[in-house]
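Each remark here refers to the structure printed beneath this line.
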Amino acid sequence: MSAAEVTFCKVRKAFGNAVAVRELDLAIGAGEFVSLLGPSGCGKTTSLRMLAGLEFPTSGTISIGGRVVNDVAPGKRDVAMVFQSYALYPHMTVGENIAYPLKKQGMARGEREAQVKRIAAMLKLEALLDRKPRQLSGGQQQRVALGRALVRSPKVFLLDEPLSNLDAKLRAHMRAELIELHRQLGRTFVYVTHDQLEAMTMSDRIAVMEGGELRQFAPPREVYDRPANLFVASFIGTPPMNIVHGEFNGRVFRHPAITVPFQVAGAPTRVALGVRPEDVLLGAGPFRATVRVVEPTGHETIVMLEAEGAALTARAPAESHLRPGEIVPFALRADRLHLFDATTELRLE
Ligand code: ATP
């Protein structure tokens, strides 16, 4: 068995009058790790549940491995889903929980035990096989839930915020484990999260969703460096990208505090300039701003500024000694600026 590609073609899902997913077109490659990322209510869980067969599309088609699965029962899709709430059977041991899908398939006991051993070794659960779920930590329970999905060796793994119940340290550890698992297994992973760090660190490509619509589908670096629209620009990145509204005459962006030359043909007059906090360079440069708030975080200092009505956030070195009220000169990194049409919100440059 191998990985399978997954395709959403014009998929729409309405619950009564409420549209959860609109005309979703998404082609995920065999063996790819794709995250569906977006704020609460954007339709990512509904998309994943349709892929699992737990919800039916109102219209459009979903294919797995080239086969339309709209009418295929969840158990016949060759997918396995890992839920946020691990959904382990409390009365079964770890070993029995992992073996359960195989038992249901009618696999003989000896073969089942061999499979459970293999999965337990992969997930470092060997020492815990005789315990009950309540005797495990959150991270261990999550590994058992993963094990139960892995044991069936499906072509596609569906993961719905599987790390959200873990503490920050364990989440970081499990992120690394998932990357390694994906590499070892070579299967298709579709991962739902609202955590951009998870999406950025693990994915081959990220599908950014908002209001039931796909806003961008691209590798993490591209989503960060070339956001397709104002939503993606402001959603990805912490602190978020600065957005400064101004006017454009085809050659120069103008705001009372900032002017920047740009080469864009046929651009509109009303535009928004996007600047990441790390691209606001404090200390020297042609522009001036007033320091409003200084937040030392340890390894750097986040500085909030105001320049003729524009609010700006800058990342500064930890040792910078700026004070609120101070006026600082600044420059913008010219090769890292973004320009958007203020009306359509689409990227111009
Ligand atoms: P979250 O991160 O909060 O889980 P999400 O991006 O996964 O959000 P969905 O759960 O897919 O979002 O929900 C998308 C929209 O569809 C929401 O407005 C939600 O209220 C609605 N919705 C989801 N399931 C149902 C349902 N069974 N009945 C009615 N509306 C639903």
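Residues are named by chain letter and number: chains run A, B, ... in the order of the structure tokens, numbers start at 1 in each chain, and ligands are numbered from 1 in the order shown.
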Neighbourhood of ligand 1 at 9 Å, counting only C-alpha atoms and all ligand atoms, reported as a CSV table (one decimal) with C-alpha atoms, in the first residue's frame:
chain,number,residue,atom,x,y,z
A,13,LYS,CA,-21.2,22.4,2.4
A,14,ALA,CA,-24.2,24.1,3.8
A,15,PHE,CA,-25.8,23.4,7.2
A,16,GLY,CA,-29.3,24.9,6.5
A,17,ASN,CA,-28.7,28.5,5.5
A,18,ALA,CA,-25.2,28.6,6.9
A,19,VAL,CA,-22.5,27.9,4.3
A,20,ALA,CA,-19.5,26.2,6.1
A,21,VAL,CA,-17.4,25.6,2.9
A,36,LEU,CA,-5.8,23.4,6.7
A,37,LEU,CA,-5.2,26.6,8.6
A,38,GLY,CA,-7.5,29.4,9.6
A,39,PRO,CA,-9.5,31.0,12.4
A,40,SER,CA,-12.3,29.4,14.3
A,41,GLY,CA,-15.3,28.7,12.0
A,42,CYS,CA,-13.4,29.0,8.7
A,43,GLY,CA,-14.6,25.5,7.6
A,44,LYS,CA,-11.4,23.5,8.1
A,45,THR,CA,-12.9,20.8,10.4
A,46,THR,CA,-16.0,20.5,8.1
A,47,SER,CA,-13.6,19.9,5.1
A,48,LEU,CA,-11.7,17.2,7.0
A,49,ARG,CA,-14.9,15.5,8.1
A,55,GLU,CA,-20.2,14.8,6.6
A,160,ASP,CA,-7.9,17.3,13.6
A,161,GLU,CA,-6.0,19.6,16.0
A,192,VAL,CA,-6.3,20.7,10.7
A,193,THR,CA,-5.0,23.5,12.9
A,194,HIS,CA,-5.6,27.1,13.9
A,209,MET,CA,-9.0,29.3,4.8
A,210,GLU,CA,-11.3,32.1,5.8
A,211,GLY,CA,-15.1,32.2,5.9
A,212,GLY,CA,-15.4,28.8,4.2
* Could you please write out, as a VMD selection string, every residue of region 175-310 of chain A that DSSP assigns to strand (DSSP E or B)? => chain A and resid 188 to 193 205 to 210 213 to 218 229 242 to 248 252 to 254 259 to 261 270 to 275 280 to 296 300 to 307 310
Preceding selection exported with C-alpha atoms as a short mmCIF file (atom, residue, chain, number, x, y, z; two decimals), in the first residue's frame:
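The resulting file, out.cif, is reproduced below:
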data_model
loop_
_atom_site.label_atom_id
_atom_site.label_comp_id
_atom_site.auth_asym_id
_atom_site.auth_seq_id
_atom_site.Cartn_x
_atom_site.Cartn_y
_atom_site.Cartn_z
CA THR A 188 -0.57 11.69 2.77
CA PHE A 189 -1.28 13.77 5.89
CA VAL A 190 -4.12 16.29 6.06
CA TYR A 191 -3.80 18.28 9.27
CA VAL A 192 -6.34 20.75 10.65
CA THR A 193 -5.04 23.48 12.93
CA ARG A 205 1.93 23.21 1.78
CA ILE A 206 -0.59 25.21 3.79
CA ALA A 207 -4.20 25.80 2.73
CA VAL A 208 -5.23 29.05 4.43
CA MET A 209 -9.00 29.31 4.83
CA GLU A 210 -11.32 32.14 5.84
CA GLU A 213 -13.11 29.89 1.31
CA LEU A 214 -9.56 28.96 0.38
CA ARG A 215 -7.41 32.13 0.47
CA GLN A 216 -4.02 30.67 -0.46
CA PHE A 217 -2.50 27.22 -1.02
CA ALA A 218 1.29 27.32 -1.04
CA ASN A 229 -4.10 38.86 -0.04
CA ASN A 242 1.93 46.06 9.60
CA ILE A 243 -0.68 47.33 7.14
CA VAL A 244 -0.49 51.00 6.16
CA HIS A 245 -3.22 52.40 3.91
CA GLY A 246 -2.18 55.03 1.40
CA GLU A 247 -2.23 56.19 -2.21
CA PHE A 248 -0.39 54.91 -5.25
CA VAL A 252 5.26 55.75 -5.53
CA PHE A 253 3.29 54.64 -2.45
CA ARG A 254 2.36 57.67 -0.35
CA THR A 259 6.81 57.13 0.83
CA VAL A 260 8.16 54.11 -1.03
CA PRO A 261 8.84 53.65 -4.74
CA ARG A 270 -6.14 53.05 -3.02
CA VAL A 271 -3.59 50.56 -1.78
CA ALA A 272 -2.25 49.03 1.43
CA LEU A 273 1.44 48.63 2.15
CA GLY A 274 2.43 45.53 4.11
CA VAL A 275 5.61 45.49 6.23
CA VAL A 280 10.97 47.91 10.17
CA LEU A 281 14.56 48.97 10.91
CA LEU A 282 14.82 51.34 13.87
CA GLY A 283 17.67 53.77 14.56
CA ALA A 284 18.35 55.36 11.17
CA GLY A 285 16.48 56.08 7.97
CA PRO A 286 14.28 58.58 6.16
CA PHE A 287 11.11 58.21 8.32
CA ARG A 288 10.15 59.22 11.88
CA ALA A 289 7.86 57.57 14.44
CA THR A 290 6.97 58.00 18.10
CA VAL A 291 7.56 55.03 20.41
CA ARG A 292 4.33 54.06 22.20
CA VAL A 293 4.98 50.71 23.92
CA VAL A 294 8.17 48.71 24.49
CA GLU A 295 7.84 44.98 25.23
CA PRO A 296 11.07 43.10 26.01
CA GLU A 300 14.20 40.51 21.38
CA THR A 301 12.14 43.64 22.04
CA ILE A 302 8.81 44.32 20.38
CA VAL A 303 8.33 48.06 19.83
CA MET A 304 4.98 49.65 19.00
CA LEU A 305 5.20 52.97 17.20
CA GLU A 306 2.99 55.63 15.71
CA ALA A 307 3.82 57.56 12.56
CA ALA A 310 -0.12 54.72 11.16
#
* Asked: So how many Å separate CA of Asp195 (chain A) and CA of Glu177 (chain A), to one decimal?
  ->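 Computing the Euclidean distance for CA of Asp195 (chain A) and CA of Glu177 (chain A) yields 16.9 Å.
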* Excluding Met122 (chain A) and any residue of its chain fewer than 2 positions from it, enumerate the residues within 12 Å of it, using only C-alpha atoms, and give them as a count of residues only. => 22
* To do: Have a look at A:Tyr224, A:Leu348, A:Tyr89, A:Glu23 and name the one nearest to Gly266 (chain A); count only C-alpha atoms.
  => A:Leu348
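A straight line drawn from CA of Glu198 (chain A) to CA of Arg175 (chain A) is 7.0 Å long.
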* Asked: Got a sec to tell me which of region 9-130 of chain A DSSP assigns to helix (DSSP H, G or I), as a PyMOL selection string?
  -> chain A and resi 44-52+74-76+94-105+109-122+126-128
Selection export as a compact mmCIF listing (two decimals), in the first residue's frame, atoms kept: N, CA and C atoms:
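New file again.txt:
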# COMPACT_ATOMS: atom_id res chain seq x y z
N LYS A 44 -12.45 24.51 8.26
CA LYS A 44 -11.41 23.49 8.12
C LYS A 44 -11.84 22.12 8.64
N THR A 45 -12.48 22.09 9.82
CA THR A 45 -12.94 20.79 10.36
C THR A 45 -14.00 20.17 9.47
N THR A 46 -14.92 20.99 8.96
CA THR A 46 -15.95 20.46 8.06
C THR A 46 -15.31 19.85 6.81
N SER A 47 -14.27 20.49 6.28
CA SER A 47 -13.59 19.95 5.09
C SER A 47 -12.97 18.59 5.42
N LEU A 48 -12.33 18.51 6.59
CA LEU A 48 -11.69 17.25 6.99
C LEU A 48 -12.73 16.15 7.21
N ARG A 49 -13.84 16.52 7.85
CA ARG A 49 -14.90 15.54 8.12
C ARG A 49 -15.55 15.04 6.81
N MET A 50 -15.61 15.91 5.82
CA MET A 50 -16.13 15.45 4.52
C MET A 50 -15.17 14.45 3.89
N LEU A 51 -13.89 14.69 4.08
CA LEU A 51 -12.87 13.77 3.55
C LEU A 51 -12.94 12.42 4.26
N ALA A 52 -13.24 12.47 5.56
CA ALA A 52 -13.35 11.23 6.34
C ALA A 52 -14.66 10.49 6.06
N PRO A 74 -17.30 5.74 5.40
CA PRO A 74 -16.03 6.12 6.05
C PRO A 74 -15.04 4.95 6.16
N GLY A 75 -15.52 3.78 6.54
CA GLY A 75 -14.63 2.64 6.75
C GLY A 75 -14.03 2.08 5.47
N LYS A 76 -14.54 2.49 4.32
CA LYS A 76 -14.06 1.95 3.05
C LYS A 76 -13.20 2.95 2.28
N VAL A 94 -3.64 -0.07 26.52
CA VAL A 94 -3.02 0.60 25.37
C VAL A 94 -2.92 -0.38 24.20
N GLY A 95 -2.43 -1.59 24.49
CA GLY A 95 -2.26 -2.59 23.44
C GLY A 95 -3.60 -2.93 22.77
N GLU A 96 -4.64 -3.08 23.58
CA GLU A 96 -5.96 -3.42 23.03
C GLU A 96 -6.54 -2.26 22.21
N ASN A 97 -6.29 -1.02 22.70
CA ASN A 97 -6.76 0.14 21.94
C ASN A 97 -6.12 0.18 20.55
N ILE A 98 -4.80 -0.05 20.51
CA ILE A 98 -4.10 0.01 19.22
C ILE A 98 -4.56 -1.14 18.32
N ALA A 99 -4.80 -2.31 18.95
CA ALA A 99 -5.16 -3.50 18.15
C ALA A 99 -6.60 -3.47 17.67
N TYR A 100 -7.43 -2.62 18.29
CA TYR A 100 -8.87 -2.69 18.04
C TYR A 100 -9.26 -2.61 16.55
N PRO A 101 -8.72 -1.66 15.77
CA PRO A 101 -9.12 -1.60 14.36
C PRO A 101 -8.79 -2.89 13.61
N LEU A 102 -7.72 -3.56 14.02
CA LEU A 102 -7.31 -4.81 13.35
C LEU A 102 -8.25 -5.94 13.73
N LYS A 103 -8.67 -5.94 15.01
CA LYS A 103 -9.59 -6.96 15.50
C LYS A 103 -10.91 -6.85 14.73
N LYS A 104 -11.33 -5.58 14.54
CA LYS A 104 -12.58 -5.33 13.82
C LYS A 104 -12.51 -5.84 12.38
N GLN A 105 -11.28 -5.74 11.81
CA GLN A 105 -11.07 -6.22 10.43
C GLN A 105 -11.01 -7.75 10.38
N ARG A 109 -5.03 -13.19 15.85
CA ARG A 109 -4.40 -12.66 17.04
C ARG A 109 -2.88 -12.49 16.91
N GLY A 110 -2.21 -13.51 16.41
CA GLY A 110 -0.75 -13.48 16.32
C GLY A 110 -0.29 -12.33 15.43
N GLU A 111 -0.94 -12.16 14.32
CA GLU A 111 -0.58 -11.11 13.37
C GLU A 111 -0.86 -9.72 13.98
N ARG A 112 -1.98 -9.66 14.70
CA ARG A 112 -2.36 -8.42 15.38
C ARG A 112 -1.27 -8.00 16.36
N GLU A 113 -0.81 -8.98 17.16
CA GLU A 113 0.19 -8.67 18.17
C GLU A 113 1.49 -8.18 17.54
N ALA A 114 1.84 -8.76 16.40
CA ALA A 114 3.05 -8.34 15.70
C ALA A 114 2.91 -6.89 15.23
N GLN A 115 1.74 -6.56 14.70
CA GLN A 115 1.50 -5.19 14.23
C GLN A 115 1.55 -4.18 15.37
N VAL A 116 0.92 -4.54 16.50
CA VAL A 116 0.90 -3.64 17.66
C VAL A 116 2.34 -3.41 18.14
N LYS A 117 3.13 -4.46 18.15
CA LYS A 117 4.54 -4.34 18.57
C LYS A 117 5.28 -3.35 17.68
N ARG A 118 5.06 -3.47 16.38
CA ARG A 118 5.74 -2.62 15.41
C ARG A 118 5.37 -1.14 15.65
N ILE A 119 4.09 -0.89 15.83
CA ILE A 119 3.61 0.48 16.03
C ILE A 119 4.08 1.01 17.39
N ALA A 120 4.04 0.15 18.42
CA ALA A 120 4.46 0.57 19.76
C ALA A 120 5.93 0.97 19.76
N ALA A 121 6.74 0.23 18.98
CA ALA A 121 8.16 0.56 18.89
C ALA A 121 8.34 1.91 18.20
N MET A 122 7.59 2.10 17.15
CA MET A 122 7.70 3.34 16.38
C MET A 122 7.33 4.56 17.23
N GLU A 126 6.23 0.88 23.98
CA GLU A 126 6.40 -0.54 24.38
C GLU A 126 6.15 -0.76 25.86
N ALA A 127 6.66 0.16 26.69
CA ALA A 127 6.58 -0.05 28.14
C ALA A 127 5.19 0.21 28.69
N LEU A 128 4.30 0.74 27.85
CA LEU A 128 2.99 1.18 28.36
C LEU A 128 1.84 0.30 27.87
Val11 (chain A) environment, 8 Å, only C-alpha atoms, sequence neighbours closer than 4 positions dropped, as a compact mmCIF listing (two decimals) with N, CA and C atoms, in the first residue's frame:
# COMPACT_ATOMS: atom_id res chain seq x y z
N VAL A 21 -18.49 25.66 3.91
CA VAL A 21 -17.41 25.56 2.92
C VAL A 21 -17.97 25.96 1.55
N ARG A 22 -17.26 26.86 0.86
CA ARG A 22 -17.73 27.35 -0.44
C ARG A 22 -16.80 26.94 -1.56
N GLU A 23 -17.31 26.24 -2.56
CA GLU A 23 -16.57 25.98 -3.81
C GLU A 23 -15.09 25.73 -3.55
N LEU A 24 -14.81 24.74 -2.73
CA LEU A 24 -13.41 24.46 -2.39
C LEU A 24 -12.76 23.60 -3.47
N ASP A 25 -11.70 24.13 -4.08
CA ASP A 25 -10.87 23.38 -5.03
C ASP A 25 -9.51 23.20 -4.38
N PRO A 57 -20.84 16.34 1.28
CA PRO A 57 -20.85 17.63 0.59
C PRO A 57 -22.26 17.93 0.08
N THR A 58 -22.64 19.20 0.13
CA THR A 58 -23.91 19.62 -0.46
C THR A 58 -23.79 19.53 -1.98
N SER A 59 -22.61 19.90 -2.52
CA SER A 59 -22.33 19.71 -3.95
C SER A 59 -20.83 19.60 -4.14
N GLY A 60 -20.41 19.17 -5.33
CA GLY A 60 -18.99 18.98 -5.62
C GLY A 60 -18.56 17.55 -5.37
N THR A 61 -17.29 17.26 -5.73
CA THR A 61 -16.81 15.89 -5.55
C THR A 61 -15.50 15.85 -4.76
N ILE A 62 -15.35 14.77 -4.02
CA ILE A 62 -14.11 14.53 -3.27
C ILE A 62 -13.54 13.21 -3.79
* Pick from A:Ala27, A:Val68, A:Ala228, A:Leu163 nearest to Tyr86 (chain A), counting only C-alpha atoms -> A:Leu163
* To do: Using only C-alpha atoms, find the one residue out of A:Met92, A:Val264, A:Leu339, A:Ala257 that sits nearest to Ala311 (chain A).
  => A:Ala257
* Asked: With distances taken over only C-alpha atoms, which of A:Arg276, A:Phe8, A:Asp204, A:Ala331 is nearest to Arg67 (chain A)?
  ->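 Checking each of A:Arg276, A:Phe8, A:Asp204, A:Ala331 against Arg67 (chain A), counting only C-alpha atoms, the winner is A:Phe8.
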* To do: Using CA of Leu136 (chain A) and CA of Leu88 (chain A) as the two end points, give the distance in Å to one decimal.
  => 11.3 Å
* Asked: Leaving out region 3-6 of chain A and any residue of its chain fewer than 4 positions from it, which residues lie within 6 Å of it when counting only C-alpha atoms, given as a PyMOL selection string?
  -> chain A and resi 28-31+63-65+155+187-188
With C-alpha atoms kept, could you save the residues just selected as a JSON list (two decimals), in the first residue's frame?
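The file below, part.json, is the result:
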[["chain", "number", "residue", "atom", "x", "y", "z"],
["A", 28, "ILE", "CA", -3.21, 17.45, -2.39],
["A", 29, "GLY", "CA", -0.37, 15.32, -3.77],
["A", 30, "ALA", "CA", 0.25, 11.69, -2.76],
["A", 31, "GLY", "CA", 2.55, 11.67, 0.27],
["A", 63, "SER", "CA", -11.61, 11.97, -4.62],
["A", 64, "ILE", "CA", -9.03, 9.84, -2.84],
["A", 65, "GLY", "CA", -6.45, 8.06, -5.00],
["A", 155, "LYS", "CA", -3.20, 5.79, 2.55],
["A", 187, "ARG", "CA", 1.69, 8.74, 3.48],
["A", 188, "THR", "CA", -0.57, 11.69, 2.77]]
* **Using only C-alpha atoms: which of A:Arg226, A:Phe56, A:Glu278, A:Ala334 has the shortest distance to Pro317 (chain A)** =>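 Distance minimum relative to Pro317 (chain A) lands on A:Glu278.
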